[in-house]
>>> print(open('entry-v9.txt').read())   # compact mmCIF, C-alpha atoms
# COMPACT_ATOMS: atom_id res chain seq x y z
CA MET V 121 -27.97 22.69 12.26
CA GLU V 122 -27.68 21.09 8.82
CA ILE V 123 -29.70 21.94 5.77
CA GLU V 124 -31.93 18.88 6.27
CA SER V 125 -33.66 21.03 8.88
CA ALA V 126 -33.84 24.14 6.71
CA ASN V 127 -37.36 25.22 5.81
CA CYS V 128 -38.10 24.67 2.10
CA LYS V 129 -40.82 27.31 2.25
CA HIS V 130 -38.13 29.95 2.76
CA ARG V 131 -35.56 31.22 0.31
CA VAL V 132 -32.13 29.65 0.74
CA SER V 133 -30.61 32.92 1.97
CA GLU V 134 -33.22 33.04 4.74
CA CYS V 135 -32.02 29.68 6.11
CA THR V 136 -29.19 31.06 8.20
CA ASP V 137 -29.14 28.46 10.97
CA PHE V 138 -27.12 25.74 9.23
CA ASN V 139 -23.42 25.14 8.74
CA GLN V 140 -23.39 22.45 6.05
CA LEU V 141 -25.23 22.33 2.74
CA ASN V 142 -25.68 18.68 1.89
CA ILE V 143 -28.33 15.98 1.76
CA GLU V 144 -26.16 13.32 0.15
CA ARG V 145 -26.23 10.73 2.95
CA PRO V 146 -28.35 7.63 2.13
CA LEU V 147 -32.02 7.99 2.98
CA LYS V 148 -34.33 5.29 4.27
CA ILE V 149 -37.41 5.12 2.07
CA VAL V 150 -40.37 4.29 4.26
CA GLN V 151 -43.08 4.25 1.61
CA ASP V 152 -43.62 3.55 -2.08
CA ILE V 153 -45.56 6.12 -4.07
CA ASP V 154 -47.50 4.39 -6.82
CA GLY V 155 -48.07 7.27 -9.23
CA LEU V 156 -47.21 10.83 -10.18
CA GLU V 157 -50.62 12.11 -9.07
CA THR V 158 -50.08 10.49 -5.68
CA LEU V 159 -46.66 12.13 -5.42
CA VAL V 160 -48.17 15.54 -6.19
CA SER V 161 -50.89 14.95 -3.60
CA GLU V 162 -48.31 14.01 -0.95
CA LEU V 163 -46.26 17.11 -1.78
CA HIS V 164 -49.35 19.27 -1.31
CA LYS V 165 -49.79 17.77 2.14
CA VAL V 166 -46.17 18.46 3.06
CA PHE V 167 -46.21 22.04 1.77
CA SER V 168 -49.47 22.82 3.56
CA LYS V 169 -47.45 22.85 6.77
CA SER V 170 -45.61 25.93 7.97
CA TYR V 171 -42.31 24.06 8.13
CA VAL V 172 -41.07 21.83 5.29
CA ASN V 173 -37.96 19.72 5.83
CA ILE V 174 -35.66 19.35 2.81
CA GLN V 175 -34.99 15.70 3.51
CA GLU V 176 -38.73 15.01 3.67
CA VAL V 177 -39.14 16.37 0.15
CA GLN V 178 -36.24 14.31 -1.14
CA LYS V 179 -37.69 11.16 0.44
CA LEU V 180 -41.00 11.71 -1.34
CA MET V 181 -39.26 12.30 -4.68
CA SER V 182 -37.19 9.14 -4.17
CA SER V 183 -40.22 7.06 -3.15
CA TYR V 184 -41.90 7.51 -6.52
CA LYS V 185 -40.74 4.98 -9.12
CA SER V 186 -40.96 6.31 -12.65
CA ASP V 187 -43.58 4.83 -14.97
CA PRO V 188 -44.21 6.49 -18.38
CA LYS V 189 -47.96 5.89 -18.13
CA HIS V 190 -48.01 8.33 -15.19
CA TRP V 191 -46.27 11.24 -16.90
CA LYS V 192 -46.59 10.64 -20.65
CA LYS V 193 -49.28 13.30 -21.11
CA TYR V 194 -46.90 15.97 -19.75
CA ALA V 195 -43.90 14.92 -21.86
CA LYS V 196 -43.93 17.43 -24.69
CA PHE V 197 -40.76 17.40 -26.81
CA ASP V 198 -39.48 20.00 -29.23
CA ARG V 199 -37.12 19.25 -32.08
CA PHE V 200 -34.79 22.17 -31.41
CA ARG V 201 -34.58 22.61 -27.64
CA TYR V 202 -35.56 21.13 -24.30
CA THR V 203 -39.02 21.99 -22.98
CA ARG V 204 -40.44 22.88 -19.56
CA ASN V 205 -43.92 21.50 -18.91
CA LEU V 206 -45.86 22.51 -15.81
CA VAL V 207 -47.47 19.60 -13.95
CA ASP V 208 -48.75 21.38 -10.84
CA ALA V 209 -48.48 24.96 -9.57
CA GLY V 210 -48.51 23.78 -5.96
CA ASN V 211 -50.05 25.99 -3.32
CA GLY V 212 -47.81 28.96 -3.98
CA ALA V 213 -44.97 27.44 -1.98
CA PHE V 214 -43.69 25.12 -4.72
CA ASN V 215 -44.24 24.04 -8.30
CA ILE V 216 -43.45 20.81 -10.10
CA MET V 217 -42.73 20.31 -13.78
CA ILE V 218 -41.44 17.84 -16.33
CA LEU V 219 -38.55 18.74 -18.60
CA CYS V 220 -38.07 16.94 -21.90
CA TRP V 221 -34.62 16.75 -23.46
CA GLY V 222 -34.12 15.74 -27.07
CA PRO V 223 -30.83 14.12 -28.14
CA GLY V 224 -27.96 16.48 -27.30
CA HIS V 225 -30.17 19.13 -25.72
CA ALA V 226 -28.73 21.14 -22.82
CA SER V 227 -29.54 24.11 -20.62
CA ALA V 228 -27.36 27.17 -20.16
CA ILE V 229 -25.33 27.55 -16.97
CA HIS V 230 -27.82 29.03 -14.52
CA ASP V 231 -28.63 29.86 -10.91
CA HIS V 232 -31.83 29.03 -9.03
CA ALA V 233 -32.97 32.48 -7.90
CA ASP V 234 -32.31 31.74 -4.21
CA SER V 235 -34.71 28.76 -4.26
CA HIS V 236 -34.36 25.04 -3.58
CA CYS V 237 -34.29 22.72 -6.61
CA PHE V 238 -34.95 18.96 -6.60
CA MET V 239 -34.49 16.87 -9.75
CA LYS V 240 -35.56 13.29 -10.45
CA LEU V 241 -34.78 11.44 -13.66
CA LEU V 242 -37.81 9.72 -15.20
CA SER V 243 -36.36 8.43 -18.47
CA GLY V 244 -32.99 8.26 -20.26
CA SER V 245 -29.96 9.84 -18.61
CA LEU V 246 -28.73 13.35 -17.92
CA GLU V 247 -25.45 14.83 -16.82
CA GLU V 248 -25.21 17.65 -14.32
CA VAL V 249 -22.18 19.91 -14.80
CA ARG V 250 -21.64 22.08 -11.76
CA TYR V 251 -19.74 25.39 -11.71
CA ASP V 252 -18.33 27.72 -9.11
CA TRP V 253 -19.76 31.21 -8.95
CA PRO V 254 -17.72 33.85 -10.82
CA ASN V 255 -15.84 36.16 -8.45
CA THR V 256 -17.77 39.08 -9.90
CA VAL V 257 -21.19 37.70 -8.87
CA GLU V 258 -22.29 36.86 -5.33
CA PRO V 259 -25.68 35.29 -4.58
CA GLU V 260 -27.67 36.30 -1.53
CA VAL V 261 -26.96 33.08 0.35
CA LEU V 262 -23.17 33.36 -0.01
CA LYS V 263 -23.30 36.83 1.45
CA LYS V 264 -24.59 35.26 4.66
CA LEU V 265 -22.39 32.17 4.78
CA LYS V 266 -18.78 32.66 5.82
CA LYS V 267 -17.67 29.25 4.54
CA PRO V 268 -19.98 28.12 1.73
CA THR V 269 -19.69 24.56 0.45
CA ARG V 270 -20.52 23.50 -3.08
CA ARG V 271 -20.57 20.01 -4.53
CA CYS V 272 -22.22 17.66 -6.95
CA CYS V 273 -24.96 15.23 -5.99
CA SER V 274 -22.61 12.25 -5.68
CA GLU V 275 -19.50 13.93 -4.29
CA SER V 276 -18.16 12.72 -0.97
CA GLU V 277 -17.38 14.81 2.10
CA ASP V 278 -13.69 14.77 1.13
CA ASN V 279 -14.37 16.41 -2.22
CA VAL V 280 -16.32 19.45 -0.99
CA VAL V 281 -15.19 22.69 -2.55
CA ASN V 282 -14.94 25.02 0.43
CA LYS V 283 -13.85 28.32 -1.10
CA MET V 284 -14.17 30.43 -4.19
CA THR V 285 -10.93 30.65 -6.18
CA ASN V 286 -9.33 33.37 -8.29
CA LEU V 287 -8.71 32.15 -11.83
CA ASP V 288 -5.58 32.81 -13.86
CA ILE V 289 -6.51 32.00 -17.44
CA THR V 290 -5.98 32.94 -21.05
CA SER V 291 -9.21 33.49 -22.90
CA ASP V 292 -10.99 35.37 -25.65
CA CYS V 293 -12.90 38.36 -24.36
CA ASP V 294 -16.56 37.74 -25.19
CA ASN V 295 -17.07 41.45 -25.83
CA CYS V 296 -14.06 42.54 -27.87
CA GLY V 297 -12.58 39.22 -29.04
CA GLN V 298 -9.07 40.03 -27.79
CA LYS V 299 -6.85 37.36 -26.30
CA GLY V 300 -4.95 37.97 -23.11
CA LYS V 301 -4.27 36.94 -19.55
CA ILE V 302 -7.31 37.58 -17.36
CA GLU V 303 -6.36 37.85 -13.72
CA ASN V 304 -7.47 40.95 -11.89
CA GLU V 305 -7.47 43.15 -14.96
CA LYS V 306 -10.58 44.31 -16.76
CA CYS V 307 -11.19 44.20 -20.47
CA THR V 308 -11.35 47.82 -21.67
CA ASP V 309 -14.90 47.46 -22.96
CA TYR V 310 -16.09 46.15 -19.58
CA GLU V 311 -14.45 48.86 -17.48
CA GLU V 312 -17.40 51.22 -17.61
CA THR V 313 -19.66 48.66 -15.94
CA GLY V 314 -16.97 47.33 -13.60
CA TYR V 315 -17.31 43.81 -15.04
CA ASN V 316 -14.23 41.59 -14.99
CA ALA V 317 -14.49 38.86 -17.63
CA GLN V 318 -13.60 35.44 -16.26
CA GLU V 319 -14.01 31.91 -17.59
CA MET V 320 -16.40 29.72 -15.60
CA GLU V 321 -14.76 27.05 -13.42
CA GLU V 322 -16.22 23.55 -13.60
CA ILE V 323 -16.20 21.88 -10.16
CA GLY V 324 -17.79 18.52 -10.88
CA ARG V 325 -19.99 16.26 -13.00
CA THR V 326 -22.73 13.85 -11.98
CA ARG V 327 -24.49 11.30 -14.16
CA LEU V 328 -28.19 10.85 -13.37
CA ASP V 329 -29.95 7.60 -14.26
CA VAL V 330 -33.63 6.68 -13.97
CA ASP V 331 -35.07 7.34 -10.48
CA ASP V 332 -31.95 9.16 -9.24
CA VAL V 333 -32.77 12.29 -7.22
CA CYS V 334 -30.47 15.30 -7.00
CA TYR V 335 -30.64 18.62 -5.15
CA ILE V 336 -29.04 22.03 -5.69
CA ASN V 337 -29.30 25.57 -4.38
CA ASP V 338 -27.26 28.71 -4.97
CA ALA V 339 -24.95 28.00 -2.02
CA LEU V 340 -23.86 24.80 -3.76
CA GLY V 341 -23.01 26.54 -7.01
CA LEU V 342 -24.34 26.95 -10.54
CA HIS V 343 -25.05 24.17 -12.97
CA ARG V 344 -26.13 23.16 -16.45
CA MET V 345 -28.02 19.99 -17.39
CA GLU V 346 -27.34 18.15 -20.61
CA ASN V 347 -28.51 15.03 -22.42
CA PRO V 348 -25.30 13.19 -23.35
CA SER V 349 -27.08 10.91 -25.83
CA HIS V 350 -27.20 11.86 -29.51
CA VAL V 351 -29.88 9.23 -30.13
CA ASP V 352 -32.25 9.00 -27.17
CA GLY V 353 -34.35 11.60 -25.38
CA ALA V 354 -34.56 12.10 -21.62
CA VAL V 355 -37.32 13.17 -19.23
CA SER V 356 -36.83 14.69 -15.78
CA LEU V 357 -39.08 15.83 -12.94
CA HIS V 358 -38.23 19.12 -11.20
CA LEU V 359 -39.55 20.70 -8.02
CA TYR V 360 -38.76 24.31 -7.12
CA CYS V 361 -39.55 25.88 -3.78
CA PRO V 362 -40.34 28.70 -3.59
CA PRO V 363 -41.31 29.01 -7.30
CA PHE V 364 -39.60 31.69 -9.40
CA ASP V 365 -40.30 33.24 -12.79
CA SER V 366 -36.81 34.48 -13.68
CA CYS V 367 -33.21 33.48 -13.08
CA ARG V 368 -29.72 34.31 -14.32
CA VAL V 369 -27.83 32.46 -17.07
CA PHE V 370 -24.04 32.76 -17.35
CA ASP V 371 -21.67 32.97 -20.31
CA SER V 372 -19.21 30.09 -19.85
CA ARG V 373 -16.34 32.12 -21.37
CA THR V 374 -16.74 35.27 -19.32
CA GLY V 375 -19.00 34.50 -16.37
CA LYS V 376 -21.24 37.38 -17.40
CA PRO V 377 -24.81 36.92 -16.07
CA THR V 378 -28.01 37.74 -17.93
CA GLU V 379 -31.44 37.65 -16.33
CA VAL V 380 -34.03 35.67 -18.30
CA LYS V 381 -37.69 34.86 -17.90
CA VAL V 382 -38.70 31.29 -17.14
CA THR V 383 -41.41 30.06 -19.53
CA PHE V 384 -43.45 26.88 -20.05
CA TRP V 385 -43.86 24.90 -23.25
CA SER V 386 -47.06 23.35 -21.89
CA MET V 387 -49.20 23.61 -18.77
CA TYR V 388 -51.18 20.73 -17.24
CA GLY V 389 -50.66 18.60 -20.35
CA LYS V 390 -51.78 21.24 -22.86
CA LYS V 391 -49.34 23.05 -25.11
CA MET V 392 -49.23 26.81 -24.72
CA LYS V 393 -50.55 28.74 -27.71
CA ARG V 394 -47.61 31.08 -27.61
CA VAL V 395 -44.32 30.73 -25.75
CA ILE V 396 -42.21 33.84 -25.24
CA GLU V 397 -38.62 32.68 -25.26
CA SER V 398 -35.97 34.99 -23.90
CA ASP V 399 -33.08 32.85 -25.03
CA PRO V 400 -32.75 29.58 -27.00
CA ALA V 401 -30.79 28.15 -24.08
CA ASP V 402 -32.49 29.54 -21.00
CA GLN V 403 -32.81 28.03 -17.55
CA GLU V 404 -33.41 24.35 -16.82
>>> encode(input="entry-v9.txt", output="structure tokens")
Amino acid sequence: MEIESANCKHRVSECTDFNQLNIERPLKIVQDIDGLETLVSELHKVFSKSYVNIQEVQKLMSSYKSDPKHWKKYAKFDRFRYTRNLVDAGNGAFNIMILCWGPGHASAIHDHADSHCFMKLLSGSLEEVRYDWPNTVEPEVLKKLKKPTRRCCSESEDNVVNKMTNLDITSDCDNCGQKGKIENEKCTDYEETGYNAQEMEEIGRTRLDVDDVCYINDALGLHRMENPSHVDGAVSLHLYCPPFDSCRVFDSRTGKPTEVKVTFWSMYGKKMKRVIESDPADQE
């Protein structure tokens, strides 16, 4: 059974009855959704059921055609970093938000806390950079899949990355600053914790334009989102199911994970009085 039949109301690691992790085949759009509020209403209907098909969610996201008059009140930008703006908290099974990216803004490399993530571009353009998991970190879903597959939104069947690889690189140690070959050896300062520093491996890039929809979960890898423009902003719509309030970000030079809290810049169109930020480049 493929992931199209996996239940979005369950964590990814709980969906153990599929062999492939992809929803890239073309979808037939059977309806046009005429506004963001209508999209949210349709999503509530879908998530009120006990079983939510991944492809059904993607079809709804694709059926909505972006119009700034629908989402402008949620688009809160910040001069220094991208912002996360809650649109709807769902019914406990999902939440939906708008992210605003100033010129050159980017997220850190991050996971998705064993949840499903759908992204739709509303304005501008974004680039998804996808990474393999470091050998020192294993998500729950990969523990249950013997042959995990990871790929970018637009990659073909022939380009699926089917296995995790051991890196042989020369790098600066993020902890002690020493240069050296990092293979199976541990930097001295990491030995006490058993952490083996390792540079993150990029496995693909995907450019997202207006109304493109993309999907990722932890079985497909890690990613970072970035606005490649140094002039124009970008706006994206994100749906997470189930919702989560923390995730892990990864140091690109060492693969070292750090757990961070997920915060909102605004909720329901109103800016939060105080935002507790765990990191200036936390999760997307």
>>> atom_distance(input="entry-v9.txt", atom1="atom CA of Gly210 of chain V", atom2="atom CA of Ser356 of chain V")
17.8 Å
>>> closest_residue(input="entry-v9.txt", among="V:Lys381, V:Lys376, V:Arg327, V:His350", to="Phe364 of chain V", atoms="only C-alpha atoms")
V:Lys381
>>> closest_residue(input="entry-v9.txt", among="V:Ser245, V:Thr374, V:Thr256, V:Thr383", to="Pro348 of chain V", atoms="only C-alpha atoms")
V:Ser245
>>> closest_residue(input="entry-v9.txt", among="V:Gly341, V:Leu242, V:Phe197, V:Gly375", to="Leu262 of chain V", atoms="all atoms listed in the file")
V:Gly341
>>> atom_distance(input="entry-v9.txt", atom1="atom CA of Tyr184 of chain V", atom2="atom CA of Trp221 of chain V")
20.6 Å
>>> closest_residue(input="entry-v9.txt", among="V:Met392, V:Leu241, V:Val177, V:Val160", to="Asp329 of chain V", atoms="all atoms listed in the file")
V:Leu241
